[in-house]
Amino acid sequence: MEANENSIKLYYNTEVEKLQMPEYGRNVLKMVELMKTIPDREKRTAQAAAIVKVMERLNPQVHQQDNYAQKLWDHLYMIAGYDLDIDSPYPAPVPEFVNSRPEQIPLNTRPIKARHYGRNIESILNLIASEPEGDIKTAMIRSLAIYMRQQYLIWNKDTVADATIFQDIERLSGGRVIVPEGMELSKISADSSFARPGMNLNYGNRNNRNNRNRKNGKKK
């Protein structure tokens with residue numbers, strides 16, 4: 001609908017230029033565009049510094065970043081489409097560098113030998129296998145066996161023999177780590193509770209409520 005003398009034309013976001021930095025709003029974009037029209041370079045630079053101060057107020061969380069002052073000036077350049085002729089206190093950002101995508105991190109697609117132990121177990125076994133024979137290596141094997149037993153009980157059943165854990169260590173290491181004869185793991189306390197991750201988040205809260213209820217009952 002065309003606007004006449006007695007009406008006001010309403011603009012929707014889909015009809016106007018897309019904001020490069022939406023967190024600063026369209027008014028900052030208008031300020032930047034007006035600043036770019038100032039013919040005097042010194043006055044243009046002073047106006048740019050004033051706009052950066054406004055941006056700092058509109059986006060206070062930028063203070064949580066390192067070198068936040070430089071980031072604000074970088075944002076100013078981005079809002080201006082990198083077309084900004086001023087005396088900035090920092091080097092002007094390069095569009096190719098800012099818009100470049102990070103390198104893709106290669107995924108480890110090698111299958112896990114024992115999912116209930118996790119992938120890191122293989123790395124630990126490689127470390128232990130490279131350790132010379134002695135008390136330190138024996139202590140490392142014992143600590144790993146205790147951890148593996150805990151992981152086993154989380155994902156499998158209520159009890160597991162030490163021999164089963166020892167056999168898994170030797171199997172997963174390809175025979176490079178041999179459990180010393182006579183090694184025994186500490187006994188599991190009767191109060192120990194093993195649960196899958198995320199399955200026991202409210203356990204402490206329930207216990208606290210139950211304890212409070214029991215105390216209140218005794219007072220009555």
# chains A, B, ... in the order shown; residues from 1 in each chain; ligands from 1
$ residues_around --residues "range 41-56 of chain A" --least-positions-apart "2" --cutoff "12 Å" --atoms "only C-alpha atoms" --output "NGL selection string"
:A and (21-39 or 58-64 or 68-77 or 79-80 or 84-90)
$ closest_residue --among "A:Ile105, A:Arg115, A:Pro180, A:Ile169" --to "Asn156 in chain A" --atoms "only C-alpha atoms"
A:Arg115
$ residues_around --residues "Gly174 in chain A" --least-positions-apart "2" --cutoff "12 Å" --atoms "only C-alpha atoms" --output "list in words"
Lys113, Glu122, Leu125, Asn126, Ala129, Gln167, Asp168, Ile169, Glu170, Arg171, Leu172, Arg176, Val177 and Ile178 of chain A
$ residues_around --residues "Thr164 in chain A" --least-positions-apart "4" --cutoff "12 Å" --atoms "only C-alpha atoms" --output "MDAnalysis selection string"
chainID A and resid 145:146 148:149 152:153 159:160 168:171 179 184:185
$ atom_distance --atom1 "CA of Gly81 in chain A" --atom2 "CA of Pro95 in chain A"
8.8 Å
$ select_by_dssp --residues "range 34-133 of chain A" --states "helix (DSSP H, G or I)" --output "PyMOL selection string"
chain A and resi 34-36+41-58+60-64+68-79+95-98+120-129
$ decode --residues "range 140-171 of chain A" --atoms "N, CA and C atoms" --output "mmCIF file, in the first residue's frame"
data_model
loop_
_atom_site.group_PDB
_atom_site.id
_atom_site.type_symbol
_atom_site.label_atom_id
_atom_site.label_comp_id
_atom_site.auth_asym_id
_atom_site.auth_seq_id
_atom_site.Cartn_x
_atom_site.Cartn_y
_atom_site.Cartn_z
ATOM 1 N N MET A 140 50.067 -48.191 38.498
ATOM 2 C CA MET A 140 49.252 -47.693 37.389
ATOM 3 C C MET A 140 48.239 -48.754 36.948
ATOM 4 N N ILE A 141 48.678 -50.016 36.891
ATOM 5 C CA ILE A 141 47.774 -51.103 36.502
ATOM 6 C C ILE A 141 46.658 -51.253 37.526
ATOM 7 N N ARG A 142 47.003 -51.164 38.815
ATOM 8 C CA ARG A 142 45.993 -51.303 39.867
ATOM 9 C C ARG A 142 44.952 -50.176 39.785
ATOM 10 N N SER A 143 45.430 -48.923 39.595
ATOM 11 C CA SER A 143 44.505 -47.787 39.500
ATOM 12 C C SER A 143 43.592 -47.935 38.293
ATOM 13 N N LEU A 144 44.160 -48.373 37.175
ATOM 14 C CA LEU A 144 43.343 -48.566 35.979
ATOM 15 C C LEU A 144 42.312 -49.670 36.198
ATOM 16 N N ALA A 145 42.706 -50.749 36.849
ATOM 17 C CA ALA A 145 41.793 -51.862 37.094
ATOM 18 C C ALA A 145 40.625 -51.430 37.979
ATOM 19 N N ILE A 146 40.896 -50.607 38.979
ATOM 20 C CA ILE A 146 39.836 -50.120 39.858
ATOM 21 C C ILE A 146 38.856 -49.242 39.068
ATOM 22 N N TYR A 147 39.402 -48.391 38.212
ATOM 23 C CA TYR A 147 38.537 -47.535 37.391
ATOM 24 C C TYR A 147 37.706 -48.368 36.416
ATOM 25 N N MET A 148 38.318 -49.358 35.789
ATOM 26 C CA MET A 148 37.599 -50.204 34.839
ATOM 27 C C MET A 148 36.509 -51.004 35.538
ATOM 28 N N ARG A 149 36.784 -51.448 36.744
ATOM 29 C CA ARG A 149 35.757 -52.170 37.502
ATOM 30 C C ARG A 149 34.560 -51.267 37.774
ATOM 31 N N GLN A 150 34.830 -50.007 38.122
ATOM 32 C CA GLN A 150 33.739 -49.059 38.362
ATOM 33 C C GLN A 150 32.917 -48.854 37.096
ATOM 34 N N GLN A 151 33.583 -48.668 35.951
ATOM 35 C CA GLN A 151 32.871 -48.493 34.684
ATOM 36 C C GLN A 151 32.078 -49.744 34.318
ATOM 37 N N TYR A 152 32.638 -50.889 34.604
ATOM 38 C CA TYR A 152 31.962 -52.159 34.302
ATOM 39 C C TYR A 152 30.666 -52.272 35.096
ATOM 40 N N LEU A 153 30.738 -51.899 36.375
ATOM 41 C CA LEU A 153 29.560 -52.018 37.237
ATOM 42 C C LEU A 153 28.487 -50.994 36.878
ATOM 43 N N ILE A 154 28.889 -49.863 36.323
ATOM 44 C CA ILE A 154 27.909 -48.863 35.916
ATOM 45 C C ILE A 154 27.054 -49.383 34.778
ATOM 46 N N TRP A 155 27.677 -50.071 33.820
ATOM 47 C CA TRP A 155 26.990 -50.425 32.583
ATOM 48 C C TRP A 155 26.560 -51.880 32.489
ATOM 49 N N ASN A 156 27.005 -52.735 33.394
ATOM 50 C CA ASN A 156 26.720 -54.151 33.216
ATOM 51 C C ASN A 156 25.891 -54.750 34.353
ATOM 52 N N LYS A 157 26.528 -55.088 35.481
ATOM 53 C CA LYS A 157 25.793 -55.776 36.544
ATOM 54 C C LYS A 157 26.342 -55.384 37.902
ATOM 55 N N ASP A 158 25.836 -56.019 38.949
ATOM 56 C CA ASP A 158 26.166 -55.586 40.308
ATOM 57 C C ASP A 158 27.513 -56.088 40.791
ATOM 58 N N THR A 159 28.004 -57.173 40.264
ATOM 59 C CA THR A 159 29.281 -57.720 40.710
ATOM 60 C C THR A 159 30.120 -58.110 39.500
ATOM 61 N N VAL A 160 31.422 -58.102 39.696
ATOM 62 C CA VAL A 160 32.348 -58.538 38.653
ATOM 63 C C VAL A 160 33.616 -59.034 39.339
ATOM 64 N N ALA A 161 34.137 -60.153 38.874
ATOM 65 C CA ALA A 161 35.348 -60.736 39.463
ATOM 66 C C ALA A 161 36.573 -59.939 39.028
ATOM 67 N N ASP A 162 37.564 -59.859 39.922
ATOM 68 C CA ASP A 162 38.804 -59.164 39.574
ATOM 69 C C ASP A 162 39.433 -59.792 38.343
ATOM 70 N N ALA A 163 39.325 -61.116 38.234
ATOM 71 C CA ALA A 163 39.945 -61.815 37.100
ATOM 72 C C ALA A 163 39.375 -61.336 35.769
ATOM 73 N N THR A 164 38.082 -60.993 35.764
ATOM 74 C CA THR A 164 37.464 -60.494 34.526
ATOM 75 C C THR A 164 38.083 -59.163 34.108
ATOM 76 N N ILE A 165 38.309 -58.283 35.067
ATOM 77 C CA ILE A 165 38.930 -56.984 34.779
ATOM 78 C C ILE A 165 40.362 -57.192 34.299
ATOM 79 N N PHE A 166 41.096 -58.087 34.951
ATOM 80 C CA PHE A 166 42.485 -58.338 34.560
ATOM 81 C C PHE A 166 42.552 -58.902 33.144
ATOM 82 N N GLN A 167 41.641 -59.791 32.820
ATOM 83 C CA GLN A 167 41.614 -60.368 31.475
ATOM 84 C C GLN A 167 41.315 -59.289 30.432
ATOM 85 N N ASP A 168 40.421 -58.349 30.772
ATOM 86 C CA ASP A 168 40.111 -57.267 29.836
ATOM 87 C C ASP A 168 41.319 -56.364 29.618
ATOM 88 N N ILE A 169 42.080 -56.113 30.662
ATOM 89 C CA ILE A 169 43.284 -55.283 30.523
ATOM 90 C C ILE A 169 44.260 -55.926 29.548
ATOM 91 N N GLU A 170 44.503 -57.211 29.722
ATOM 92 C CA GLU A 170 45.456 -57.902 28.859
ATOM 93 C C GLU A 170 44.911 -58.031 27.437
ATOM 94 N N ARG A 171 43.601 -58.231 27.299
ATOM 95 C CA ARG A 171 43.008 -58.374 25.966
ATOM 96 C C ARG A 171 43.007 -57.048 25.213
#
